[in-house]
Amino acid sequence: MKPKRLNKDQIQKIFLSTLGFIALIYCYFTFFLGPLNKSRVTMIQTIGDLQAKTASSKTELRKTANLEQQAKEATGRYEALQKTTQDGAPIAWFPPKMRAFFSDHRIDKASARLESSSDFKEPELSDWIKDIWAIEMPESDYSGLGRAIAELENTEPLLSLQRVVIHAVPEQPQFQQVSLYAETVLFKK
Amino acid sequence: MALQLNLLHEEFKEERQRKRDPLKLGLIGLGCFGVILFLYYAWNAYGTMKIRGQLNLAQAEWAKVEPQVTAAQKRATELHQIIDSTKVLDARIENRFYWAPFLSIISQSVAPNIQLTSLDGTITDNGTISVSLEGLAAAREPRAAAEELRQLLSEQLEKHYSDVKVTFKNLEDLDTLVDLAGVPTASARFVMNMIFNPKPPDSSKKSEPAKENQAKENMEKPAAK
């Protein structure tokens, strides 16, 4: 049996159908399946990212909780050190405090003046300030001074004496003139 | 053999042609294919909707965790800062030089025939302690008395500190006699320099707090000056 040859009309129709098929495939993949797959891939990626972030966040929460436990001692100590700084400007409370302290050790007429005030270079101490005080005691006996300094060094952890100058008073040999240069580390309030 | 005549052959031909019309067949094929594609799209869309549901869940969970983790990060930074600050402050506290024990050593080293007129002690930039001591020594040999003081100070300081150097900056005899227990005695004025490292010579021997307490006890005894 001889295959029948397609006429011109049929060829045109076949061509038209092929074009329609190609257009359908193109539209389907470009406007329907493509964006759908794209959004699905994006969503899967986002889910992956979010799950990873959530997992790492939970790990971080656990780490912070552990750190909180470990830092309990440091936190307590830090708070205690903070409390050594009284409220208000140091120039207002430090000189009276020193006067009262030395007065308790029978060293009268002690006076303190602020020599300098500066920030620390260490970034860890950005919340703290370094003050240098000159503490003058015109009349002090050596042993009383020694006891007072021992007490001061033991009770004020953030105070360190940078210079100690003791001169005998010619008219009163039992007394000495004393100048102390104290560095204090105070919390910025 | 009977002769058969098909008088409707033209109609049959048209019918056949209509049935195998390529456009019609193509449209049917296209329609079927379209249905398959639509079903496939619907299947994919269903999958995507399920994924969207998972995404919403993940986003909800993240929205719940995010403020907590932000606060935790802030707290962790704060805690690290506190720990670091405490370490630095503790190091400053531990590395302080305690003057009271030093004054105690001076007090214990000065004999009754020595009078100190001035003491000037400073912590230098490199952490060493520099002290200038001025005074009068009265004895038959006042220079020897001053030298005794220097040696005693050096010995005593070496027990507690390292790199101790005690030297005379000035030592001169005075023409005037001083009254020592009612006896006129020759005297000499001295200026001594002491330089030492506040670190103990052997850190395992004594700890700093023990040293502090000892110094405090010593200071409570009357100083023989």
# chains A, B, ... in the order shown; residues from 1 in each chain; ligands from 1
call {"tool": "select_by_dssp", "arguments": {"residues": "chain A", "states": "strand (DSSP E)", "output": "ChimeraX atom specification"}}
result
/A:111-119,128-140,159-168,176-187
call {"tool": "write_last_selection", "arguments": {"atoms": "N, CA and C atoms", "output": "CSV table (one decimal), in the first residue's frame"}}
result
chain,number,residue,atom,x,y,z
A,111,SER,N,44.6,66.0,103.8
A,111,SER,CA,43.8,66.6,102.7
A,111,SER,C,44.1,65.9,101.4
A,112,ALA,N,43.1,65.8,100.6
A,112,ALA,CA,43.4,65.2,99.3
A,112,ALA,C,42.9,66.1,98.2
A,113,ARG,N,43.7,66.2,97.1
A,113,ARG,CA,43.3,66.9,96.0
A,113,ARG,C,43.6,66.1,94.7
A,114,LEU,N,42.7,66.4,93.7
A,114,LEU,CA,42.8,65.6,92.5
A,114,LEU,C,44.0,66.2,91.6
A,115,GLU,N,44.9,65.4,91.3
A,115,GLU,CA,46.1,65.8,90.5
A,115,GLU,C,45.7,65.7,89.0
A,116,SER,N,45.2,64.5,88.6
A,116,SER,CA,44.9,64.3,87.2
A,116,SER,C,43.9,63.2,87.1
A,117,SER,N,43.2,63.2,86.0
A,117,SER,CA,42.2,62.2,85.7
A,117,SER,C,42.3,61.8,84.2
A,118,SER,N,42.3,60.6,84.0
A,118,SER,CA,42.5,60.1,82.6
A,118,SER,C,41.8,58.8,82.3
A,119,ASP,N,41.6,58.5,81.1
A,119,ASP,CA,41.0,57.2,80.7
A,119,ASP,C,42.1,56.2,80.6
A,128,TRP,N,36.1,52.5,83.0
A,128,TRP,CA,36.8,52.9,84.3
A,128,TRP,C,37.6,54.2,84.0
A,129,ILE,N,37.9,54.9,85.1
A,129,ILE,CA,38.7,56.1,84.9
A,129,ILE,C,39.8,56.1,86.0
A,130,LYS,N,41.0,56.6,85.6
A,130,LYS,CA,42.1,56.6,86.5
A,130,LYS,C,42.3,58.0,87.0
A,131,ASP,N,42.3,58.1,88.3
A,131,ASP,CA,42.5,59.4,89.0
A,131,ASP,C,43.7,59.4,89.8
A,132,ILE,N,44.5,60.4,89.8
A,132,ILE,CA,45.7,60.5,90.6
A,132,ILE,C,45.4,61.6,91.7
A,133,TRP,N,45.6,61.2,93.0
A,133,TRP,CA,45.3,62.1,94.1
A,133,TRP,C,46.5,62.4,94.9
A,134,ALA,N,46.7,63.6,95.3
A,134,ALA,CA,47.8,63.9,96.2
A,134,ALA,C,47.1,64.1,97.6
A,135,ILE,N,47.6,63.2,98.5
A,135,ILE,CA,47.1,63.2,99.9
A,135,ILE,C,48.2,63.8,100.8
A,136,GLU,N,47.9,64.9,101.4
A,136,GLU,CA,48.9,65.6,102.2
A,136,GLU,C,48.5,65.4,103.7
A,137,MET,N,49.6,65.0,104.5
A,137,MET,CA,49.4,64.9,105.9
A,137,MET,C,50.5,65.7,106.6
A,138,PRO,N,50.2,66.9,107.1
A,138,PRO,CA,51.3,67.7,107.7
A,138,PRO,C,51.8,67.2,109.0
A,139,GLU,N,51.0,66.4,109.7
A,139,GLU,CA,51.5,65.9,111.0
A,139,GLU,C,51.1,64.4,111.1
A,140,SER,N,52.1,63.6,111.1
A,140,SER,CA,51.8,62.1,111.2
A,140,SER,C,53.0,61.4,111.9
A,159,LEU,N,43.0,51.0,94.8
A,159,LEU,CA,43.9,52.2,95.1
A,159,LEU,C,45.3,51.7,95.2
A,160,SER,N,46.2,52.4,94.5
A,160,SER,CA,47.6,52.0,94.7
A,160,SER,C,48.4,53.3,94.9
A,161,LEU,N,49.3,53.2,95.8
A,161,LEU,CA,50.2,54.4,96.1
A,161,LEU,C,51.3,54.4,95.1
A,162,GLN,N,51.4,55.5,94.3
A,162,GLN,CA,52.5,55.6,93.3
A,162,GLN,C,53.7,56.2,93.9
A,163,ARG,N,53.5,57.1,94.9
A,163,ARG,CA,54.7,57.8,95.4
A,163,ARG,C,54.4,58.1,96.9
A,164,VAL,N,55.5,57.9,97.7
A,164,VAL,CA,55.4,58.2,99.1
A,164,VAL,C,56.5,59.1,99.5
A,165,VAL,N,56.2,60.2,100.0
A,165,VAL,CA,57.2,61.2,100.4
A,165,VAL,C,57.0,61.5,101.9
A,166,ILE,N,58.1,61.3,102.7
A,166,ILE,CA,58.0,61.5,104.1
A,166,ILE,C,59.2,62.4,104.5
A,167,HIS,N,58.9,63.5,105.1
A,167,HIS,CA,59.9,64.5,105.6
A,167,HIS,C,59.8,64.6,107.1
A,168,ALA,N,60.9,64.7,107.8
A,168,ALA,CA,60.9,65.0,109.2
A,168,ALA,C,60.5,66.4,109.4
A,176,GLN,N,56.1,63.7,111.2
A,176,GLN,CA,56.6,63.7,109.8
A,176,GLN,C,55.5,64.4,108.9
A,177,GLN,N,56.0,65.1,107.9
A,177,GLN,CA,55.1,65.6,106.9
A,177,GLN,C,55.1,64.5,105.8
A,178,VAL,N,53.9,64.1,105.4
A,178,VAL,CA,53.7,63.0,104.5
A,178,VAL,C,52.9,63.4,103.2
A,179,SER,N,53.4,63.1,102.1
A,179,SER,CA,52.6,63.2,100.9
A,179,SER,C,52.5,61.9,100.2
A,180,LEU,N,51.3,61.5,99.9
A,180,LEU,CA,51.0,60.2,99.2
A,180,LEU,C,50.4,60.6,97.9
A,181,TYR,N,50.9,59.9,96.8
A,181,TYR,CA,50.3,60.0,95.5
A,181,TYR,C,49.6,58.7,95.2
A,182,ALA,N,48.3,58.8,95.2
A,182,ALA,CA,47.5,57.6,95.1
A,182,ALA,C,46.8,57.5,93.8
A,183,GLU,N,46.8,56.4,93.1
A,183,GLU,CA,46.1,56.2,91.9
A,183,GLU,C,44.9,55.4,92.2
A,184,THR,N,43.7,55.9,91.8
A,184,THR,CA,42.5,55.1,92.0
A,184,THR,C,41.8,54.8,90.7
A,185,VAL,N,41.3,53.6,90.7
A,185,VAL,CA,40.5,53.1,89.5
A,185,VAL,C,39.1,53.2,89.9
A,186,LEU,N,38.3,54.1,89.2
A,186,LEU,CA,36.9,54.4,89.6
A,186,LEU,C,36.0,54.1,88.4
A,187,PHE,N,34.9,53.5,88.7
A,187,PHE,CA,33.9,53.2,87.7
A,187,PHE,C,33.2,54.5,87.2
call {"tool": "interface_residues", "arguments": {"of": "chain A", "to": "chain B", "cutoff": "7 Å", "atoms": "only C-alpha atoms", "output": "ChimeraX atom specification"}}
result
/A:10,13-14,17,21,33,36,40,43,47,50-51,54,57,61,64,71,74-75,78,124-125,143,146-147,149-150,153,157-158,160,162-168
call {"tool": "atom_distance", "arguments": {"atom1": "atom CA of Pro35 of chain A", "atom2": "atom CA of Leu19 of chain A"}}
result
22.9 Å
call {"tool": "closest_residue", "arguments": {"among": "A:Lys97, A:Ile22, A:Tyr142, A:Glu171", "to": "Ile106 of chain B", "atoms": "only C-alpha atoms"}}
result
A:Tyr142
call {"tool": "residues_around", "arguments": {"residues": "Thr128 of chain B", "least_positions_apart": "5", "cutoff": "10 Å", "atoms": "only C-alpha atoms", "output": "PyMOL selection string"}}
result
chain B and resi 97+122-123+162-164+195-199
call {"tool": "write_last_selection", "arguments": {"atoms": "N, CA and C atoms", "output": "tab-separated table (two decimals), in the first residue's frame"}}
result
chain	number	residue	atom	x	y	z
B	97	PHE	N	52.14	47.53	94.33
B	97	PHE	CA	53.24	47.48	95.30
B	97	PHE	C	52.69	47.92	96.64
B	122	THR	N	59.19	56.09	94.86
B	122	THR	CA	58.35	56.20	93.66
B	122	THR	C	58.33	54.87	92.91
B	123	ILE	N	57.20	54.60	92.32
B	123	ILE	CA	57.12	53.44	91.40
B	123	ILE	C	57.45	53.97	90.01
B	162	SER	N	63.37	41.50	94.70
B	162	SER	CA	64.48	41.03	93.85
B	162	SER	C	65.21	42.24	93.23
B	163	ASP	N	66.37	41.97	92.70
B	163	ASP	CA	67.22	42.99	92.03
B	163	ASP	C	67.44	44.21	92.93
B	164	VAL	N	67.76	43.96	94.17
B	164	VAL	CA	67.91	45.06	95.13
B	164	VAL	C	69.28	45.72	94.96
B	195	ILE	N	67.01	50.85	94.80
B	195	ILE	CA	66.21	50.45	93.62
B	195	ILE	C	65.98	48.94	93.72
B	196	PHE	N	64.76	48.53	93.55
B	196	PHE	CA	64.48	47.09	93.59
B	196	PHE	C	63.22	46.76	92.80
B	197	ASN	N	63.15	45.49	92.50
B	197	ASN	CA	61.98	44.97	91.79
B	197	ASN	C	61.00	44.45	92.84
B	198	PRO	N	59.74	44.89	92.80
B	198	PRO	CA	58.82	44.46	93.87
B	198	PRO	C	58.49	42.97	93.88
B	199	LYS	N	58.87	42.26	92.80
B	199	LYS	CA	58.57	40.81	92.80
B	199	LYS	C	59.45	40.11	93.83
call {"tool": "residues_around", "arguments": {"residues": "Phe102 of chain A", "least_positions_apart": "5", "cutoff": "9 Å", "atoms": "only C-alpha atoms", "output": "PyMOL selection string"}}
result
chain A and resi 97+107-110+137+145+148
call {"tool": "write_last_selection", "arguments": {"atoms": "C-alpha atoms", "output": "short mmCIF file (atom, residue, chain, number, x, y, z; two decimals), in the first residue's frame"}}
result
data_model
loop_
_atom_site.label_atom_id
_atom_site.label_comp_id
_atom_site.auth_asym_id
_atom_site.auth_seq_id
_atom_site.Cartn_x
_atom_site.Cartn_y
_atom_site.Cartn_z
CA LYS A 97 36.68 59.77 102.69
CA ILE A 107 46.32 61.39 111.57
CA ASP A 108 44.58 64.72 111.51
CA LYS A 109 44.51 67.48 108.92
CA ALA A 110 44.82 65.06 106.01
CA MET A 137 49.38 64.94 105.92
CA LEU A 145 51.25 56.17 109.12
CA ALA A 148 47.13 53.50 108.09
#
call {"tool": "closest_residue", "arguments": {"among": "B:Pro142, B:Pro112, B:Pro67, B:Gly127", "to": "Leu174 of chain B", "atoms": "only C-alpha atoms"}}
result
B:Pro142
call {"tool": "select_by_dssp", "arguments": {"residues": "chain A", "states": "alpha helix (DSSP H)", "output": "MDAnalysis selection string"}}
result
chainID A and resid 8:27 34:70 72:83 90:104 142:155
call {"tool": "closest_residue", "arguments": {"among": "A:Leu152, A:Glu122, A:Leu16, A:Leu24", "to": "Met98 of chain A", "atoms": "only C-alpha atoms"}}
result
A:Leu152
call {"tool": "closest_residue", "arguments": {"among": "B:Leu7, B:Glu15, B:Ile28, B:Asp202", "to": "His160 of chain B", "atoms": "only C-alpha atoms"}}
result
B:Asp202
